[in-house]
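Below is one structure, written out as structure tokens; comments come after it.
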Amino acid sequence: MNKAHVPINWENYPSDETPLNERNLNKMDSAIGIIDDNVVTLDATKATKTEVATLVADVTFEESTGIITITKKNGSKITIDTQMEKIAVNFTYNPTTQQIILTLIDGTKQYIDLSALITQYEFLDSDTVAFYIDSSGKVSAIVKEGSIEEKHLEPNYLAKIKVEAAKAELSQKAAATSEANAKISENAAKASETAAKKSEDNAKASETAAAKSATAAAASESNAKVSETSASESSATATEKASSASQSADTAAEKADIATQKAAEIIGKAESAADSATKAQSYAVGGTGSREGEDSDNAKYYYQQAKDVSEGLKGGLQPHGTVAFADLPALADVSTGWMFNISDEFTTTDDFKEGAGNVIPAGANIYKTSDEKWDVLAGTPVTGIKGVNEDSFRRGNVVLTAENVGAVSTGGDTAENTTAFTAAPARENLKSGESHATLFGKIVKWFSDLKEVAFTGKIPWSDVTGKPSTYAPSSHTHDERYYTESEVDYIYSGIMQNLISGDENVTTKLSKNIANGDATLDNRITAVANALKGYLPLSGGTLTGSLDIASGKYIHGTHTNGTILDILGLNKNNNCHVGNDTTPTFLHGAGYQLDISGAFICPNVSNQMSCGTKNKLWTTVFSKTGAINTSDRTKKHNIIDLTEAYEQLFLKLKPKSFIFNDGDRVHIGAISQDVEDAMQELGIEPEKFAGFCKDIRYEYTEYNEEDGMPIESSKVPCKDEDGNIIYDYALRYQEFIFLTVHMVQKLWKRVDVVEKENAEIKEQIRSM
């Protein structure tokens, strides 16, 4: 029977891998329905306690007595005595006492007289049959002459003879009667002839009567002849019956011959007493060669079978001793579980589970598996060999290659090999035949001693020997166009002071600061100063153009503690930065402030600002954790349990998949209009349920010419072609979470009840 339910493996919120949706709930309902059907079926087809009580609970076998004990569920027991202890396992023959001695399984002996196997017969002469033994020892029987009487004849033959004799006697009497009648007729004829002579008048009548009498006489004569013929036939029949009697005598003689043959057979049995002894051995232990199949049809074989059955009941392998591999019985001649210890090394054949060709050492144990194969159980010191680069072990005559063990064959490629080495203590030349570690140690010593020159070709100044300690300067011209560091610092300071003061006559003051004025430098500085006049001073003034900030530059502010802080700028990656890492930053707009302090961004005043509006939406909000909603009991009122209306709303929700008109990815959710319809149907006011949002869609008729931003005062509601106001629908999905939790808890209670009922049903079934 297949499982009715596949676990869903529910995951806790916020995972959405196992939603509590129609599919999962229906899946559970379907499984519960199948289980319910199975329970009904089990209840209808279950066995009664009375029936189960008669089932077998345990079977034990006592090898020493051969008794099988069957224990039923109700505690009653049935014992079957196999008489195994009476099975003969061997026998001997004592010619002195002419006894066969049987050795039974339990070690006792049974003595059987050979004479008990031979039936003795004594042949005595009777009144009709005589026996004699010829020179070859054969017994013959003969019928004595004149000894066959009526009592020796078969009753049916005797009856037939008597019937035919009676018929012959009757026929003889009939013939005598016919002869007497003929004489009477003749006398009557003579009387008629006399009467004719006496009465001439009656002559004709007498003549007619005489003719009639003559006819009657002829008929009588014919009758006499017929009677005579019948008597002859009766006489012949009697003769035949006599012959039959003779045949019966012959049959008696044949019976005597059969008796003689039986006697000969009995004597033959007596002569085959030795053969009987051989057969007794054949049926006891086999191995005599006297009959076909005797090795699997003898008491010893059946004892072994019974022993195997008993050991099979115990559930273990059945040891059958130690044999050489060449003497291992064929697979077809042994039973599953037979185990042999092999005394010599051998090579597996196709009859082994592991296949042919594996060399197994001496002392291994093999046994026959249920799939008709030999399997090596124990005695093998090595279960297999594999190199470090191989995935599995191999058995038999395994040849390991350099590739198997991760080595490189002679003349192979060592490009991927690694070598551990240390630097040599002194620089020495390389020599042929040295190891990689030695060679690399010498090379790294040379590199370390060569230092920078080994990698750059440059020799450090400290490594140069023979260099001079001092150097004479070369001849050069030093005029007023060259300034010392202090002179340059003084000139730059004067320039900056003039620029900071906003002095119009920058050129004059610069010239005074430079000894022996440089006209070219004056002109360049004047041009820079005049260009700076177009920018704002340090205080006051009006910005009439764009404020350009170069990459990596910022507008700074000075903290009261003197710290310079970045306010607005462009970093080296050309990213615009507002604020700094030291102080909070506040963004102002229309009377509201957005506080950026530390690791958070928040309104400066709680519960006054929204993130986005109904008409200005964020596309996607990315967050590592979920939003945190206020859930303080002290900040709520009208707290009640969910009503049935909201439970029905949950059941009427219609999860859908969809693609936004401005997107291309599939989303899963609900349609706000469907939720509105469901709430109205259930009597729930949609505008009072925070999970449902319905707002007027607005449009702007005027926009700012400078930045293109809409003018708020020009906002008007959007309308369709019929003049109806258009609304934007939305849902707060988080409002449905605890409605789902409520329904899951309700379902959980139901599932808990069902599981308890299911457990009780299983327990009832298990106790049957």
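Naming works like this for the structure tokens: A, B, ... for the chains as they're shown, residue 1 at the start of each chain, ligands 1 onward in shown order.
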
So that I can check the surroundings of stretch 30-41 of chain A, please list as a CSV table (one decimal) with N, CA, C and O atoms, in the first residue's frame every protein, DNA and RNA residue that reaches within 12 Å of it, counting only C-alpha atoms and ignoring chain neighbours fewer than 3 positions away.
chain,number,residue,atom,x,y,z
A,1,MET,N,0.9,-1.2,0.0
A,1,MET,CA,0.0,0.0,0.0
A,1,MET,C,0.9,1.2,0.0
A,1,MET,O,1.8,1.3,0.8
A,2,ASN,N,0.6,2.2,-0.9
A,2,ASN,CA,1.4,3.4,-1.0
A,2,ASN,C,1.0,4.4,0.1
A,2,ASN,O,-0.2,4.4,0.6
A,3,LYS,N,1.9,5.3,0.5
A,3,LYS,CA,1.6,6.3,1.5
A,3,LYS,C,0.5,7.3,0.9
A,3,LYS,O,0.6,7.7,-0.2
A,4,ALA,N,-0.4,7.7,1.8
A,4,ALA,CA,-1.5,8.5,1.3
A,4,ALA,C,-1.1,10.0,1.4
A,4,ALA,O,-1.6,10.8,0.7
A,5,HIS,N,-0.1,10.3,2.3
A,5,HIS,CA,0.2,11.7,2.5
A,5,HIS,C,1.7,11.9,2.4
A,5,HIS,O,2.5,11.1,3.0
A,6,VAL,N,2.1,12.9,1.6
A,6,VAL,CA,3.5,13.3,1.5
A,6,VAL,C,3.7,14.5,2.4
A,6,VAL,O,3.0,15.5,2.2
A,7,PRO,N,4.6,14.5,3.4
A,7,PRO,CA,4.8,15.7,4.2
A,7,PRO,C,5.1,17.0,3.5
A,7,PRO,O,5.8,17.0,2.5
A,8,ILE,N,4.5,18.1,3.9
A,8,ILE,CA,4.7,19.4,3.2
A,8,ILE,C,6.0,20.0,3.8
A,8,ILE,O,6.6,20.8,3.1
A,22,GLU,N,-4.9,27.1,-0.9
A,22,GLU,CA,-5.9,26.1,-1.3
A,22,GLU,C,-5.2,24.8,-1.6
A,22,GLU,O,-5.7,23.7,-1.3
A,23,ARG,N,-4.1,24.9,-2.3
A,23,ARG,CA,-3.4,23.7,-2.8
A,23,ARG,C,-2.9,22.8,-1.6
A,23,ARG,O,-3.2,21.6,-1.6
A,24,ASN,N,-2.2,23.4,-0.7
A,24,ASN,CA,-1.7,22.6,0.5
A,24,ASN,C,-2.8,22.1,1.3
A,24,ASN,O,-2.8,21.0,1.9
A,25,LEU,N,-3.9,22.9,1.6
A,25,LEU,CA,-5.0,22.5,2.4
A,25,LEU,C,-5.8,21.3,1.7
A,25,LEU,O,-6.1,20.4,2.3
A,26,ASN,N,-6.0,21.5,0.4
A,26,ASN,CA,-6.7,20.4,-0.3
A,26,ASN,C,-5.8,19.2,-0.4
A,26,ASN,O,-6.4,18.0,-0.4
A,27,LYS,N,-4.5,19.3,-0.4
A,27,LYS,CA,-3.6,18.2,-0.4
A,27,LYS,C,-3.8,17.4,0.9
A,27,LYS,O,-3.9,16.2,1.0
A,44,ALA,N,-13.9,-2.8,7.9
A,44,ALA,CA,-14.8,-3.7,7.3
A,44,ALA,C,-14.2,-5.1,7.1
A,44,ALA,O,-14.8,-6.1,7.1
A,45,THR,N,-12.8,-5.1,6.9
A,45,THR,CA,-12.2,-6.3,6.6
A,45,THR,C,-11.3,-6.8,7.7
A,45,THR,O,-10.6,-7.8,7.5
A,46,LYS,N,-11.3,-6.2,8.8
A,46,LYS,CA,-10.4,-6.6,9.9
A,46,LYS,C,-10.8,-7.9,10.5
A,46,LYS,O,-12.0,-8.3,10.5
A,47,ALA,N,-9.9,-8.6,11.0
A,47,ALA,CA,-10.1,-9.9,11.6
A,47,ALA,C,-10.7,-9.7,13.0
A,47,ALA,O,-10.3,-8.7,13.7
A,750,ARG,N,-8.0,21.2,14.3
A,750,ARG,CA,-8.7,20.1,13.5
A,750,ARG,C,-7.8,18.9,13.2
A,750,ARG,O,-8.1,17.8,13.4
A,751,VAL,N,-6.6,19.3,12.7
A,751,VAL,CA,-5.6,18.3,12.3
A,751,VAL,C,-5.2,17.5,13.6
A,751,VAL,O,-5.0,16.3,13.5
A,753,VAL,N,-7.0,16.9,16.2
A,753,VAL,CA,-8.0,15.9,16.5
A,753,VAL,C,-8.0,14.7,15.6
A,753,VAL,O,-8.1,13.6,16.0
A,754,VAL,N,-7.8,15.0,14.3
A,754,VAL,CA,-7.7,13.9,13.3
A,754,VAL,C,-6.5,13.0,13.6
A,754,VAL,O,-6.6,11.8,13.5
A,755,GLU,N,-5.4,13.6,13.9
A,755,GLU,CA,-4.2,12.8,14.2
A,755,GLU,C,-4.4,11.9,15.4
A,755,GLU,O,-4.0,10.7,15.5
A,757,GLU,N,-7.3,10.8,16.5
A,757,GLU,CA,-8.3,9.7,16.1
A,757,GLU,C,-7.5,8.7,15.2
A,757,GLU,O,-7.7,7.5,15.4
A,758,ASN,N,-6.6,9.2,14.4
A,758,ASN,CA,-5.8,8.3,13.5
A,758,ASN,C,-4.9,7.4,14.4
A,758,ASN,O,-4.8,6.2,14.1
A,759,ALA,N,-4.3,8.0,15.4
A,759,ALA,CA,-3.4,7.2,16.3
A,759,ALA,C,-4.3,6.2,17.0
A,759,ALA,O,-3.8,5.0,17.2
A,760,GLU,N,-5.5,6.5,17.5
A,760,GLU,CA,-6.3,5.6,18.2
A,760,GLU,C,-6.7,4.4,17.2
A,760,GLU,O,-6.7,3.2,17.6
A,761,ILE,N,-7.0,4.8,16.0
A,761,ILE,CA,-7.3,3.7,15.0
A,761,ILE,C,-6.1,2.8,14.7
A,761,ILE,O,-6.3,1.6,14.7
A,762,LYS,N,-4.9,3.4,14.6
A,762,LYS,CA,-3.7,2.6,14.4
A,762,LYS,C,-3.5,1.7,15.6
A,762,LYS,O,-3.1,0.5,15.4
A,763,GLU,N,-3.7,2.2,16.8
A,763,GLU,CA,-3.5,1.4,18.0
A,763,GLU,C,-4.5,0.2,18.0
A,763,GLU,O,-4.2,-0.9,18.4
A,764,GLN,N,-5.8,0.5,17.6
A,764,GLN,CA,-6.8,-0.5,17.6
A,764,GLN,C,-6.4,-1.6,16.6
A,764,GLN,O,-6.5,-2.8,16.8
A,765,ILE,N,-5.9,-1.1,15.4
A,765,ILE,CA,-5.4,-2.1,14.4
A,765,ILE,C,-4.3,-2.9,14.9
A,765,ILE,O,-4.2,-4.1,14.7

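Atom CA of A:Glu292 is found 27.2 Å from atom CA of A:Pro95.
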
Computed interatomic separation between atom CA of A:Ala550 and atom CA of A:Asn574 (Å):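 Atom CA of A:Asn574 lies at a distance of 8.9 Å from atom CA of A:Ala550.
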
Residues within 12 Å of A:Asp127, only C-alpha atoms, excluding chain neighbours under 6 positions, as JSON, numbers by chain: {"A": [142, 143, 144, 145, 146, 147, 148, 149, 151, 152]}

Stretch 553-568 of chain A surroundings by only C-alpha atoms, 12 Å radius, close-in-sequence under 5 positions cut, as a PyMOL selection string: chain A and resi 547-548+573-586

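Atom to atom, atom CA of A:Thr643 and atom CA of A:Met743 stand 11.5 Å apart.
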
Residue with smallest distance to A:Gly626 - pool A:Asp295, A:Gln734, A:Tyr93, A:Thr322, counting only C-alpha atoms: A:Gln734

Best match for closeness to A:Ser551 among A:Lys572, A:Thr349, A:Ile725, A:Leu20, counting only C-alpha atoms: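 So, comparing all the options, the nearest one is A:Lys572.
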
Members of stretch 25-86 of chain A assigned helix (DSSP H, G or I) by DSSP, as a PyMOL selection string: chain A and resi 25-45+49-53+84-86

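In terms of minimum interatomic distance to A:Leu649, A:Ala678 ranks closest within A:Val716, A:Ile342, A:Ala678, A:Val359, counting only C-alpha atoms.
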
Would you return as an mmCIF file with N, CA and C atoms, in the first residue's frame the members of stretch 564-660 of chain A that DSSP assigns to strand (DSSP E) on this structure's backbone?
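Saved as out_2.cif:
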data_model
loop_
_atom_site.group_PDB
_atom_site.id
_atom_site.type_symbol
_atom_site.label_atom_id
_atom_site.label_comp_id
_atom_site.auth_asym_id
_atom_site.auth_seq_id
_atom_site.Cartn_x
_atom_site.Cartn_y
_atom_site.Cartn_z
ATOM 1 N N ILE A 564 36.446 71.251 10.837
ATOM 2 C CA ILE A 564 35.938 71.512 9.495
ATOM 3 C C ILE A 564 35.077 70.322 9.076
ATOM 4 N N LEU A 565 33.829 70.582 8.686
ATOM 5 C CA LEU A 565 32.885 69.514 8.341
ATOM 6 C C LEU A 565 32.443 69.632 6.892
ATOM 7 N N ASP A 566 32.343 68.480 6.216
ATOM 8 C CA ASP A 566 31.816 68.469 4.853
ATOM 9 C C ASP A 566 30.309 68.694 4.902
ATOM 10 N N ILE A 567 29.814 69.602 4.019
ATOM 11 C CA ILE A 567 28.380 69.860 3.950
ATOM 12 C C ILE A 567 27.808 69.345 2.636
ATOM 13 N N LEU A 568 28.438 69.692 1.519
ATOM 14 C CA LEU A 568 27.971 69.277 0.191
ATOM 15 C C LEU A 568 29.172 69.197 -0.717
ATOM 16 N N GLY A 569 29.253 68.118 -1.502
ATOM 17 C CA GLY A 569 30.391 68.007 -2.393
ATOM 18 C C GLY A 569 30.309 66.794 -3.299
ATOM 19 N N LEU A 570 31.410 66.620 -4.066
ATOM 20 C CA LEU A 570 31.510 65.524 -5.030
ATOM 21 C C LEU A 570 32.772 64.749 -4.713
ATOM 22 N N CYS A 576 27.725 62.431 -5.505
ATOM 23 C CA CYS A 576 27.331 63.605 -4.736
ATOM 24 C C CYS A 576 27.117 63.216 -3.282
ATOM 25 N N HIS A 577 27.673 63.993 -2.344
ATOM 26 C CA HIS A 577 27.568 63.721 -0.920
ATOM 27 C C HIS A 577 26.907 64.892 -0.228
ATOM 28 N N VAL A 578 25.934 64.586 0.664
ATOM 29 C CA VAL A 578 25.307 65.583 1.514
ATOM 30 C C VAL A 578 25.575 65.172 2.949
ATOM 31 N N THR A 585 22.365 64.944 9.945
ATOM 32 C CA THR A 585 21.957 65.764 8.810
ATOM 33 C C THR A 585 20.440 65.783 8.751
ATOM 34 N N PHE A 586 19.859 66.969 8.555
ATOM 35 C CA PHE A 586 18.410 67.104 8.465
ATOM 36 C C PHE A 586 18.055 67.663 7.097
ATOM 37 N N LEU A 587 17.109 66.989 6.396
ATOM 38 C CA LEU A 587 16.595 67.488 5.124
ATOM 39 C C LEU A 587 15.235 68.113 5.395
ATOM 40 N N HIS A 588 15.058 69.367 4.973
ATOM 41 C CA HIS A 588 13.839 70.114 5.252
ATOM 42 C C HIS A 588 12.981 70.201 3.999
ATOM 43 N N GLY A 589 11.636 70.215 4.200
ATOM 44 C CA GLY A 589 10.723 70.415 3.089
ATOM 45 C C GLY A 589 9.317 70.635 3.574
ATOM 46 N N TYR A 592 8.485 69.955 7.183
ATOM 47 C CA TYR A 592 8.837 68.647 7.741
ATOM 48 C C TYR A 592 10.343 68.444 7.625
ATOM 49 N N GLN A 593 10.878 67.626 8.534
ATOM 50 C CA GLN A 593 12.307 67.358 8.544
ATOM 51 C C GLN A 593 12.559 65.847 8.518
ATOM 52 N N LEU A 594 13.530 65.480 7.670
ATOM 53 C CA LEU A 594 13.971 64.077 7.611
ATOM 54 C C LEU A 594 15.322 63.989 8.296
ATOM 55 N N ASP A 595 15.381 63.185 9.365
ATOM 56 C CA ASP A 595 16.577 63.104 10.204
ATOM 57 C C ASP A 595 17.452 61.944 9.727
ATOM 58 N N ILE A 596 18.708 62.254 9.369
ATOM 59 C CA ILE A 596 19.691 61.225 8.993
ATOM 60 C C ILE A 596 20.758 61.245 10.065
ATOM 61 N N SER A 597 20.618 60.356 11.015
ATOM 62 C CA SER A 597 21.542 60.342 12.154
ATOM 63 C C SER A 597 22.036 58.920 12.385
ATOM 64 N N PHE A 600 20.341 55.310 10.866
ATOM 65 C CA PHE A 600 18.921 55.302 10.552
ATOM 66 C C PHE A 600 18.529 56.587 9.839
ATOM 67 N N ILE A 601 17.418 56.505 9.105
ATOM 68 C CA ILE A 601 16.775 57.660 8.483
ATOM 69 C C ILE A 601 15.354 57.677 9.000
ATOM 70 N N CYS A 602 14.899 58.805 9.543
ATOM 71 C CA CYS A 602 13.583 58.819 10.164
ATOM 72 C C CYS A 602 13.000 60.224 10.130
ATOM 73 N N PRO A 603 11.672 60.340 10.329
ATOM 74 C CA PRO A 603 11.083 61.674 10.474
ATOM 75 C C PRO A 603 11.593 62.312 11.766
ATOM 76 N N LYS A 656 -4.361 34.875 -6.917
ATOM 77 C CA LYS A 656 -4.155 34.914 -8.366
ATOM 78 C C LYS A 656 -2.673 35.136 -8.662
ATOM 79 N N SER A 657 -2.277 34.743 -9.867
ATOM 80 C CA SER A 657 -0.974 35.152 -10.387
ATOM 81 C C SER A 657 -1.228 36.188 -11.474
ATOM 82 N N PHE A 658 -0.323 37.182 -11.597
ATOM 83 C CA PHE A 658 -0.573 38.268 -12.544
ATOM 84 C C PHE A 658 0.750 38.947 -12.873
#

Pick from A:Asn615, A:Tyr111, A:Gln608, A:Asn661 nearest to A:Lys715, counting only C-alpha atoms: A:Asn615

Near-A:Asp695 list (12 Å; only C-alpha atoms; drop same-chain fewer than 6 positions) as a list in words: Thr613, Lys614, Asn615, Ser672, Glu687, Pro717, Cys718, Ile725, Ile726, Tyr727, Asp728, Tyr729, Ala730 and Leu731 of chain A
